[in-house]
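Pasted below: protein.txt, compact mmCIF, C-alpha atoms.
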# COMPACT_ATOMS: atom_id res chain seq x y z
CA MET A 1 -70.60 -23.92 -50.21
CA HIS A 2 -72.01 -20.66 -48.89
CA ARG A 3 -71.93 -17.73 -51.35
CA ARG A 4 -70.03 -15.54 -48.89
CA THR A 5 -67.40 -18.26 -48.45
CA TRP A 6 -66.59 -18.68 -52.12
CA ILE A 7 -66.54 -14.94 -52.62
CA ALA A 8 -64.05 -14.75 -49.72
CA ARG A 9 -61.99 -17.37 -51.53
CA ALA A 10 -62.17 -15.41 -54.77
CA TYR A 11 -60.93 -12.37 -52.85
CA ASP A 12 -58.07 -14.36 -51.28
CA GLU A 13 -57.05 -15.62 -54.69
CA HIS A 14 -57.42 -12.47 -56.79
CA GLY A 15 -58.08 -9.55 -54.43
CA ALA A 16 -54.52 -8.24 -54.16
CA MET A 17 -53.98 -8.48 -57.91
CA LEU A 18 -57.26 -6.69 -58.61
CA TYR A 19 -56.40 -3.97 -56.12
CA ARG A 20 -53.00 -3.44 -57.78
CA TYR A 21 -54.67 -3.24 -61.17
CA ALA A 22 -57.19 -0.69 -59.89
CA LEU A 23 -54.42 1.29 -58.18
CA LEU A 24 -52.49 1.69 -61.40
CA ILE A 25 -55.60 2.85 -63.26
CA VAL A 26 -56.85 5.41 -60.75
CA ALA A 27 -53.49 6.22 -59.08
CA ASP A 28 -55.20 6.63 -55.73
CA PRO A 29 -55.10 3.92 -53.01
CA ALA A 30 -58.39 4.94 -51.40
CA VAL A 31 -60.26 4.92 -54.71
CA ALA A 32 -58.67 1.60 -55.73
CA GLU A 33 -59.84 0.11 -52.44
CA ASP A 34 -63.34 1.45 -52.98
CA ALA A 35 -63.43 0.02 -56.51
CA VAL A 36 -62.47 -3.50 -55.38
CA HIS A 37 -64.81 -3.27 -52.41
CA GLU A 38 -67.68 -2.19 -54.64
CA VAL A 39 -67.12 -5.09 -57.05
CA PHE A 40 -67.15 -7.69 -54.28
CA VAL A 41 -70.15 -6.13 -52.54
CA LYS A 42 -72.05 -6.28 -55.83
CA LEU A 43 -71.04 -9.93 -56.18
CA LEU A 44 -72.35 -10.67 -52.69
CA ALA A 45 -75.63 -8.95 -53.36
CA GLY A 46 -76.00 -9.92 -57.01
CA SER A 47 -76.85 -13.02 -58.94
CA SER A 48 -73.50 -13.74 -60.59
CA ARG A 49 -72.93 -17.46 -60.83
CA ARG A 50 -70.11 -19.00 -58.86
CA ASP A 51 -68.60 -20.53 -62.01
CA ASP A 52 -68.51 -17.12 -63.72
CA ILE A 53 -66.35 -15.73 -60.96
CA GLN A 54 -64.17 -18.64 -59.91
CA SER A 55 -63.31 -19.84 -63.38
CA SER A 56 -62.66 -16.41 -64.74
CA LEU A 57 -60.23 -13.86 -63.45
CA ALA A 58 -61.19 -11.92 -66.58
CA TYR A 59 -64.70 -11.50 -65.14
CA LEU A 60 -63.38 -9.88 -61.97
CA ARG A 61 -60.81 -7.82 -63.82
CA ARG A 62 -63.47 -6.46 -66.16
CA ALA A 63 -65.73 -5.58 -63.23
CA VAL A 64 -62.91 -3.72 -61.44
CA ARG A 65 -61.90 -1.98 -64.66
CA ASN A 66 -65.47 -0.78 -65.27
CA GLN A 67 -65.66 0.48 -61.71
CA CYS A 68 -62.40 2.42 -62.07
CA TYR A 69 -63.32 4.07 -65.36
CA SER A 70 -66.77 4.87 -64.04
CA TRP A 71 -65.12 6.66 -61.10
CA LEU A 72 -62.72 8.48 -63.43
CA ARG A 73 -65.61 9.66 -65.64
CA THR A 74 -67.50 10.93 -62.60
CA ARG A 75 -64.44 12.74 -61.31
CA GLN A 76 -63.78 14.32 -64.69
CA ARG A 77 -67.38 15.56 -64.80
CA ASP A 78 -67.65 16.73 -61.19
CA ALA A 79 -64.12 17.83 -60.33
CA PRO A 80 -61.89 17.94 -63.41
CA ALA A 81 -59.12 19.75 -61.56
CA ALA A 82 -59.07 17.32 -58.65
CA VAL A 83 -55.60 16.33 -57.55
CA PRO A 84 -55.05 12.55 -57.34
CA GLY A 85 -54.90 11.29 -53.78
CA ALA A 86 -51.64 10.76 -51.99
CA GLY A 87 -50.25 7.34 -51.14
CA SER A 88 -47.57 5.29 -52.75
CA LEU A 89 -48.21 3.46 -55.99
CA LEU A 90 -45.19 1.17 -55.89
CA GLU A 91 -43.46 -1.09 -53.41
CA PRO A 92 -39.98 -2.52 -53.99
CA VAL A 93 -39.53 -6.19 -54.77
CA ARG A 94 -35.73 -5.87 -54.58
CA PRO A 95 -33.49 -3.23 -53.01
CA ALA A 96 -33.86 0.12 -54.77
CA PRO A 97 -33.14 3.74 -53.87
CA GLN A 98 -36.08 5.69 -52.43
CA ASP A 99 -35.59 8.55 -54.93
CA ASP A 100 -35.95 6.10 -57.78
CA ARG A 101 -39.38 5.00 -56.52
CA LEU A 102 -40.61 8.55 -56.10
CA MET A 103 -39.46 9.51 -59.60
CA LEU A 104 -41.12 6.44 -61.12
CA GLU A 105 -44.35 7.16 -59.24
CA GLU A 106 -44.30 10.73 -60.45
CA ALA A 107 -43.75 9.57 -64.02
CA LEU A 108 -46.61 7.06 -63.70
CA ARG A 109 -48.98 9.65 -62.23
CA ALA A 110 -48.24 11.94 -65.17
CA LEU A 111 -49.62 9.34 -67.63
CA PRO A 112 -53.27 9.11 -68.64
CA PRO A 113 -55.09 6.19 -66.94
CA GLU A 114 -55.31 4.17 -70.19
CA GLN A 115 -51.53 4.27 -70.57
CA ARG A 116 -50.88 3.46 -66.91
CA GLU A 117 -53.22 0.49 -67.31
CA VAL A 118 -51.28 -0.85 -70.29
CA VAL A 119 -47.97 -0.39 -68.45
CA HIS A 120 -49.41 -2.34 -65.52
CA LEU A 121 -50.71 -5.18 -67.66
CA LYS A 122 -47.48 -5.45 -69.65
CA VAL A 123 -44.83 -4.91 -66.99
CA PHE A 124 -46.43 -6.10 -63.75
CA GLU A 125 -48.78 -8.79 -65.03
CA GLY A 126 -46.64 -9.86 -67.98
CA LEU A 127 -49.50 -9.95 -70.51
CA THR A 128 -48.85 -9.93 -74.25
CA PHE A 129 -50.22 -7.09 -76.38
CA SER A 130 -52.81 -9.48 -77.72
CA GLN A 131 -54.01 -10.26 -74.16
CA ILE A 132 -53.90 -6.56 -73.27
CA ALA A 133 -56.04 -5.81 -76.30
CA ASP A 134 -58.59 -8.39 -75.04
CA VAL A 135 -58.64 -6.93 -71.53
CA THR A 136 -58.89 -3.31 -72.60
CA GLY A 137 -61.13 -3.87 -75.62
CA VAL A 138 -58.89 -1.99 -78.05
CA PRO A 139 -57.11 -3.21 -81.21
CA LEU A 140 -53.72 -4.82 -80.69
CA ASN A 141 -51.90 -1.94 -82.43
CA THR A 142 -53.57 0.59 -80.12
CA ALA A 143 -52.49 -1.42 -77.07
CA ALA A 144 -48.91 -1.57 -78.36
CA SER A 145 -48.75 2.13 -79.22
CA ARG A 146 -50.25 3.13 -75.85
CA TYR A 147 -47.46 1.19 -74.21
CA ARG A 148 -44.75 2.77 -76.35
CA TYR A 149 -46.12 6.27 -75.75
CA ALA A 150 -46.27 5.61 -72.02
CA ILE A 151 -42.74 4.27 -71.82
CA GLY A 152 -41.46 7.12 -73.98
CA LYS A 153 -43.10 9.72 -71.72
CA MET A 154 -41.76 8.00 -68.63
CA GLY A 155 -38.30 7.97 -70.19
CA GLU A 156 -38.52 11.72 -70.78
CA GLN A 157 -39.78 12.32 -67.26
CA LEU A 158 -36.95 10.24 -65.83
CA GLY A 159 -34.38 12.06 -67.97
CA LEU A 160 -33.44 8.97 -69.95
CA VAL A 161 -34.16 10.37 -73.39
CA ARG A 162 -31.02 11.74 -75.02
CA GLU A 163 -31.09 13.99 -78.05
CA THR A 164 -29.65 12.13 -81.02
CA PRO A 165 -27.94 13.86 -83.99
CA GLY A 166 -30.85 12.75 -86.17
CA ARG A 167 -33.34 14.54 -83.92
CA THR A 168 -31.46 17.80 -83.49
CA ALA A 169 -30.62 18.21 -87.16
CA MET B 1 -30.57 5.62 -84.58
CA THR B 2 -33.77 7.04 -83.03
CA GLN B 3 -35.36 3.60 -82.97
CA HIS B 4 -32.25 2.24 -81.31
CA ASN B 5 -32.41 5.02 -78.71
CA ASP B 6 -36.15 4.39 -78.14
CA ARG B 7 -35.45 0.70 -77.57
CA HIS B 8 -32.69 1.62 -75.14
CA VAL B 9 -35.04 3.96 -73.22
CA GLU B 10 -37.76 1.28 -73.19
CA GLN B 11 -35.37 -1.28 -71.74
CA ASP B 12 -34.12 1.20 -69.16
CA VAL B 13 -37.64 2.16 -68.00
CA GLU B 14 -38.70 -1.50 -67.92
CA ALA B 15 -35.61 -2.40 -65.87
CA ARG B 16 -36.42 0.35 -63.36
CA LEU B 17 -40.06 -0.72 -63.12
CA ALA B 18 -39.00 -4.35 -62.64
CA ARG B 19 -37.59 -3.43 -59.21
CA TYR B 20 -41.11 -2.63 -58.04
CA ARG B 21 -44.66 -3.81 -58.14
CA PRO B 22 -47.84 -1.85 -57.42
CA SER B 23 -48.47 -1.49 -53.69
CA GLY B 24 -50.75 -4.13 -52.20
CA PRO B 25 -54.04 -3.55 -50.40
CA ARG B 26 -54.32 -2.84 -46.67
CA PRO B 27 -55.16 -5.99 -44.66
CA GLY B 28 -58.36 -4.20 -43.61
CA LEU B 29 -59.79 -4.46 -47.13
CA ARG B 30 -60.56 -8.16 -46.76
CA ASP B 31 -62.43 -7.57 -43.51
CA ARG B 32 -64.32 -4.75 -45.18
CA ILE B 33 -65.38 -7.07 -47.99
CA VAL B 34 -66.13 -10.30 -46.11
CA PRO B 35 -66.56 -9.30 -42.45
CA ARG B 36 -68.99 -12.01 -41.41
CA ALA B 37 -67.48 -14.97 -43.21
CA ARG B 38 -64.81 -15.39 -40.55
CA THR B 39 -67.32 -15.02 -37.70
CA ARG B 40 -69.59 -17.72 -39.12
CA TRP B 41 -66.70 -20.14 -39.47
CA GLY B 42 -65.67 -19.30 -35.92
CA TRP B 43 -69.09 -20.29 -34.65
CA ALA B 44 -69.08 -23.47 -36.73
CA VAL B 45 -65.69 -24.54 -35.34
CA ALA B 46 -66.74 -23.70 -31.76
CA ALA B 47 -69.99 -25.68 -32.18
CA MET B 48 -68.12 -28.70 -33.57
CA LEU B 49 -65.63 -28.64 -30.69
CA ALA B 50 -68.47 -28.41 -28.15
CA LEU B 51 -70.26 -31.37 -29.77
CA ALA B 52 -67.05 -33.42 -29.82
CA THR B 53 -66.47 -32.66 -26.11
CA VAL B 54 -70.02 -33.70 -25.15
CA GLY B 55 -69.75 -36.85 -27.28
CA LEU B 56 -66.43 -37.93 -25.75
CA SER B 57 -67.71 -37.20 -22.25
CA TRP B 58 -70.83 -39.32 -22.86
CA ALA B 59 -68.76 -42.18 -24.31
CA THR B 60 -66.36 -42.17 -21.34
CA HIS B 61 -69.24 -42.13 -18.87
CA SER B 62 -70.92 -45.02 -20.67
CA VAL B 63 -67.76 -47.16 -20.57
CA GLU B 64 -67.31 -46.38 -16.87
CA GLN B 65 -70.89 -47.44 -16.14
CA ARG B 66 -70.54 -50.71 -18.02
CA SER B 67 -67.28 -51.56 -16.25
CA ALA B 68 -68.85 -50.83 -12.86
CA ALA B 69 -71.86 -53.01 -13.72
CA LEU B 70 -69.66 -55.92 -14.76
CA LEU B 71 -67.53 -55.76 -11.62
CA GLY B 72 -70.47 -55.19 -9.31
CA ALA B 73 -72.50 -58.20 -10.61
CA GLY B 74 -69.74 -60.62 -9.62
CA ASP B 75 -69.49 -62.08 -13.05
CA ALA B 76 -65.74 -62.11 -12.85
CA PRO B 77 -64.50 -65.49 -11.38
CA GLU B 78 -62.94 -65.24 -7.93
CA ALA B 79 -59.36 -66.32 -7.65
CA PRO B 80 -58.96 -69.52 -5.47
CA PRO B 81 -57.12 -69.16 -2.13
CA ILE B 82 -53.44 -69.83 -2.61
CA GLU B 83 -53.21 -72.50 0.23
CA ALA B 84 -55.87 -74.82 -1.29
CA PRO B 85 -53.72 -76.31 -4.07
CA LEU B 86 -50.77 -76.61 -1.61
CA GLN B 87 -52.90 -78.63 0.88
CA GLY B 88 -51.97 -76.37 3.73
CA PHE B 89 -48.64 -76.17 5.57
CA ARG B 90 -46.63 -79.35 6.16
CA GLU B 91 -43.30 -79.77 8.00
CA VAL B 92 -40.44 -81.05 5.90
CA PRO B 93 -39.13 -84.37 7.42
CA LYS B 94 -35.47 -84.32 8.53

In structure tokens, write the structure found in this file.
Amino acid sequence: MHRRTWIARAYDEHGAMLYRYALLIVADPAVAEDAVHEVFVKLLAGSSRRDDIQSSLAYLRRAVRNQCYSWLRTRQRDAPAAVPGAGSLLEPVRPAPQDDRLMLEEALRALPPEQREVVHLKVFEGLTFSQIADVTGVPLNTAASRYRYAIGKMGEQLGLVRETPGRTA
Amino acid sequence: MTQHNDRHVEQDVEARLARYRPSGPRPGLRDRIVPRARTRWGWAVAAMLALATVGLSWATHSVEQRSAALLGAGDAPEAPPIEAPLQGFREVPK
């Protein structure tokens, strides 16, 4: 099979998922698109073996992740005050009020990329903390605490955190 | 109490997130990544259809030619005239 054809198949199978993953890391649709594009263009031009790519979603996920963090490092160096691009991060899978989506997006954008990534992997991809630790290359406890911090911050942002007597005393 | 509240907040945030998923890519992204793959397949399909058409046309023509040759050579036996086995017309006696 022609290289371009099996790469097209790999895109059809994993492209949308990889884009969503990139989107939650960089919080910018245009940059997420560029990251996925860059990964596939490198695959087309490079010498990666077909088995590496087709048998392993992890291979593609790692490549997209590296691309995203590379972009984030460059942005931090060149334009630390840059405002993340516009464009929606979420789409409804069941009926939900529009305000709810905007508030959730705002809460997600307020998180650091590493925490958004863990939220994505846990909530939207359903990975366990052990799997998340593998993907992100951090210890399991770090993955779990990143998630808890992220959810806690989102809860505050969404006004869900109530002061308890224990906290106020 | 705080842990209980944290768990409650976690469940609430997770429930809200569960109504959504990250937005998908534009359809244009695939074309941007593999623009020529579709074109090459298009040519391959068109070439196969053209070959199939030429092949069928040749086969039909060949069968037509063979049928014409068989009929033209007189190989097919001629049917006998219908009066011969009846020995001609005879009047029925009254």

Could you please tell me, as a tab-separated table (two decimals) with C-alpha atoms, keeping the file's coordinate frame, which residues of chain B have an atom within 10 Å of chain A when using all atoms listed in the file?
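The resulting selection11.tsv:
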chain	number	residue	atom	x	y	z
B	1	MET	CA	-30.57	5.62	-84.58
B	2	THR	CA	-33.77	7.04	-83.03
B	5	ASN	CA	-32.41	5.02	-78.71
B	6	ASP	CA	-36.15	4.39	-78.14
B	7	ARG	CA	-35.45	0.70	-77.57
B	8	HIS	CA	-32.69	1.62	-75.14
B	9	VAL	CA	-35.04	3.96	-73.22
B	10	GLU	CA	-37.76	1.28	-73.19
B	11	GLN	CA	-35.37	-1.28	-71.74
B	12	ASP	CA	-34.12	1.20	-69.16
B	13	VAL	CA	-37.64	2.16	-68.00
B	14	GLU	CA	-38.70	-1.50	-67.92
B	15	ALA	CA	-35.61	-2.40	-65.87
B	16	ARG	CA	-36.42	0.35	-63.36
B	17	LEU	CA	-40.06	-0.72	-63.12
B	18	ALA	CA	-39.00	-4.35	-62.64
B	19	ARG	CA	-37.59	-3.43	-59.21
B	20	TYR	CA	-41.11	-2.63	-58.04
B	21	ARG	CA	-44.66	-3.81	-58.14
B	22	PRO	CA	-47.84	-1.85	-57.42
B	23	SER	CA	-48.47	-1.49	-53.69
B	24	GLY	CA	-50.75	-4.13	-52.20
B	25	PRO	CA	-54.04	-3.55	-50.40
B	26	ARG	CA	-54.32	-2.84	-46.67
B	27	PRO	CA	-55.16	-5.99	-44.66
B	28	GLY	CA	-58.36	-4.20	-43.61
B	29	LEU	CA	-59.79	-4.46	-47.13
B	30	ARG	CA	-60.56	-8.16	-46.76
B	31	ASP	CA	-62.43	-7.57	-43.51
B	32	ARG	CA	-64.32	-4.75	-45.18
B	33	ILE	CA	-65.38	-7.07	-47.99
B	34	VAL	CA	-66.13	-10.30	-46.11
B	35	PRO	CA	-66.56	-9.30	-42.45
B	36	ARG	CA	-68.99	-12.01	-41.41
B	37	ALA	CA	-67.48	-14.97	-43.21
B	38	ARG	CA	-64.81	-15.39	-40.55
B	40	ARG	CA	-69.59	-17.72	-39.12
B	41	TRP	CA	-66.70	-20.14	-39.47

Could you state the separation of atom CA of Tyr59 of chain A and atom CA of Ala110 of chain A in Å, given to one decimal place? 28.6 Å

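Straight-line separation from atom CA of Ser145 of chain A to atom CA of Gln115 of chain A: 9.3 Å.
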
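Pairwise distance (atom CA of Lys42 of chain A, atom CA of Glu13 of chain A) equals 17.7 Å.
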
Let me make sure I understand: among A:Arg109, A:Leu127, A:Ala35, A:Ile132, which one has the smallest atom-to-atom distance to Ser70 of chain A if we use all atoms listed in the file? A:Ala35

Which polymer residues have any atom within 9 Å of an atom of Thr136 of chain A, counting all atoms listed in the file, with same-chain residues fewer than 4 positions away left out, as a PyMOL selection string? chain A and resi 62+65+114+117-118+131-132+143
